[in-house]
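Below is one structure; the comments refer to it alone.
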Amino acid sequence: MADLGGGGPARPSDGMALQAAQPVQVDDIALIGGGPVGLFGAFYAGLRGLKTRLFESLPQLGGQLTALYPEKFIYDVPGFPRVQAKVLVAQLVEQAMQFNPQVMLNTPVTGLQQRPDGGIFVLTTARGVFFAKVVIVTAGLGAFSPKKLAAPGVAEFEGKGVHYWLDDLSRFRGRRALVVGGGDSAVDFALMLQPVARHVTLIHRRDGFRAHEQSVKQLYASGVEVLVFHELKRLEGGEAVERAVVFDNRTGAERVLDVQHVVFALGFSADLGPMREWGLELEDEAIRVNSFKMETAVAGVYAAGDIATYPGKVKLIATGFGEVATAVNNACRYIDPSLPVFPGHSSNRKSAGQR
Ligand code: FAD
């Protein structure tokens, strides 16, 4: 977390009173979005010796690859004849972490403003405000958030047995869990929980799963109780979830499941949300940039990857990697005009972190 001197980051409610205060810690680059392009940007910024902070609204890195298609194979990333999305993310994370960027998960950036003095950017999040000399927006389709069911009890028990990610398996040990969904994540979650939890039930509203064929076979052989054509009616309990009432959508017959945890895997929605208010030029839900620097309408703010648009734009992971390298190199020059845009080849560098 940023050290602003007086005990941690300033709260967003401090608002732009901060404009008067001198920030103690200013990052060189803030990257907004931890998808493949943000991750490669974090690596590349590290290669150029820049102090980098990466913000991601979800609790996991990888953007669309993690949220939408972790099990699928990708065939058009240079150097990989084929690579599973989740494996590519793991490689990108390893590559980025060589330079120890500050990674802020679960931290959507909601506000972006520039201080009138010195041009430093102020990024607002629920965890406080952060300062950066340059901002690179790598926000893809916008901030991802999990789709939620409106069934009674779901919102009430969020954080009290209702989950949208499996981040800490130990809390499921010896407990009874219900997984809701029919895609890769739902099947993966059920398979991950099965050896840990006392009992796992998976409900899906149809009988066909959208998950990888091999995972579905594994699911049926795993001991997970699979209830197809079943949906959640409501959650019940006191301080936390104690029961889930599910129903067969062909007959309406209800069943009460004794569960302490319910994990929803219903996909994600993406929203540009507050980014619309940041003074950037938008076109078709993307940020307009010039393609030779990846610079937006605001000097010092760059964009790359799916969120960036310019004439001839092609939305591919491979093009996003090139765009973010261009953005970082130009950002370097923006921070210190004495530096060259082209840093030389990485294969010629003597040590890590050279500008
Ligand atoms: P994203 O992957 O969308 O990541 C952006 C991240 O930014 C997200 O995690 C989001 O939560 C975060 N974010 C957004 N706003 C904020 C905020 N305000 N604060 C903090 N975090 C924020 N491309 C290929 O090249 N080859 C393929 O084979 C291929 N297959 C695909 C298959 C499917 C099913 C789909 C859906 C896409 C596929 N793509 C493929 C496209 C590819 O996934 C995208 O081009 C790529 O993910 C773009 O990367 P990105 O980093 O720009 O954005």
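By convention in this document, the chains of the structure tokens carry letters A, B, ... by their order, each chain's residues are numbered from 1, and ligands are numbered from 1 in the order they are shown.
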Practice prompt. Please provide as number ranges by chain all residues within 12 Å of Gln64 (chain A), with the sequence filter that same-chain residues fewer than 5 positions apart are discarded (counting only C-alpha atoms).
Written response: A: 33-38, 58, 69-72, 85-86, 88-89, 138-145, 267-270, 305-306, 316-317
Discussion item. Applying 12 Å and only C-alpha atoms, which residues near region 296-300 of chain A remain after dropping the ones on its own chain fewer than 2 positions away? List them as a count of residues only.
Written reply: 47
Worksheet, complete the sentence: Min atom-atom distance to ligand 1 from the set A:Asp284, A:Glu254, A:Asp271, A:Asp167, counting only C-alpha atoms and all ligand atoms, belongs to A:Asp271
Item to complete: Run DSSP on the backbone and give me the residues of region 75-169 of chain A it puts in helix (DSSP H, G or I), as a PyMOL selection string.
Response: chain A and resi 85-97+169
Fill in: In region 126-299 of chain A, DSSP strand (DSSP E) residues written as a PyMOL selection string
chain A and resi 128-137+143-146+162-163+176-180+199-204+225-228+230-237+241-248+254-258+261-264+268-271+282-283+286-288
Worksheet entry | Among listed residues A:Gly344, A:Pro274, A:Pro195, A:Gly159, nearest Gly174 (chain A) (using only C-alpha atoms) |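 Checking each of A:Gly344, A:Pro274, A:Pro195, A:Gly159 against Gly174 (chain A), counting only C-alpha atoms, the winner is A:Pro195.
Of note, CA of Met104 (chain A) and CA of Phe73 (chain A) are spaced 27.5 Å apart.
The coordinates place CA of Leu65 (chain A) at 7.1 Å from atom 37 (C, counted along the ligand's line) of ligand 1.
Computed from the coordinates, the CA of Gly181 (chain A) to atom 4 (O, counted along the ligand's line) of ligand 1 distance equals 22.4 Å.
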Worksheet entry | Counting only C-alpha atoms, the residue of A:Ser185, A:His261, A:Val26, A:Leu266 that sits nearest Lys147 (chain A) | A:Leu266
Worksheet item: When distances are computed from only C-alpha atoms and all ligand atoms, which of A:Ile32, A:Ala325, A:Leu169, A:Ala244 shows the smallest separation from ligand 1?
Response: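 Smallest distance to ligand 1 is found for A:Ile32.
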Fill in: Proximity to ligand 1 - best of A:Lys217, A:Arg210, A:Arg176, A:His345, only C-alpha atoms and all ligand atoms
A:Arg210
Item to complete: Considering only C-alpha atoms, return as a list in words whatever protein or nucleic-acid residues lie within 8 Å of Val93 (chain A), sequence-local ones (same chain, fewer than 4 positions apart) excluded.
Response: Leu39, Leu61, Val89 and Met97 of chain A
Within 12 Å of Gly111 (chain A), counting only C-alpha atoms, which residues show up once you throw out same-chain ones fewer than 6 positions away? Write them as a tab-separated table (two decimals) with C-alpha atoms, in the first residue's frame, please.
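What ended up in around04.tsv:
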chain	number	residue	atom	x	y	z
A	12	PRO	CA	-11.24	8.68	-0.67
A	13	SER	CA	-13.50	10.76	1.54
A	15	GLY	CA	-11.30	13.96	-1.51
A	16	MET	CA	-9.26	16.54	-3.23
A	32	ILE	CA	-5.35	0.12	-14.18
A	121	PHE	CA	-2.27	11.79	-10.95
A	122	VAL	CA	-4.51	10.91	-8.02
A	123	LEU	CA	-6.22	7.53	-8.21
A	124	THR	CA	-9.18	6.93	-5.93
A	125	THR	CA	-10.03	3.46	-4.62
A	126	ALA	CA	-11.97	2.05	-1.69
A	128	GLY	CA	-7.43	4.93	-0.24
A	129	VAL	CA	-5.94	7.30	-2.79
A	130	PHE	CA	-2.68	6.65	-4.61
A	131	PHE	CA	-0.36	8.90	-6.58
A	272	LEU	CA	-16.58	1.05	-17.86
A	273	GLY	CA	-18.47	2.73	-14.98
A	274	PRO	CA	-16.59	5.67	-13.49
A	275	MET	CA	-14.03	5.65	-16.33
A	276	ARG	CA	-16.59	7.64	-18.32
A	277	GLU	CA	-15.99	10.57	-15.97
A	278	TRP	CA	-12.19	10.69	-16.28
A	279	GLY	CA	-12.09	13.24	-19.11
Discussion item. At a cut-off of 8 Å, using only C-alpha atoms, what residues contact Lys160 (chain A)? Leave out same-chain residues fewer than 2 positions from it and give the result as a list in words.
Written reply: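 Residues near the query, excluding close chain neighbours: Phe157, Glu158, Val162, Glu239, Ala240 and Val241 of chain A.
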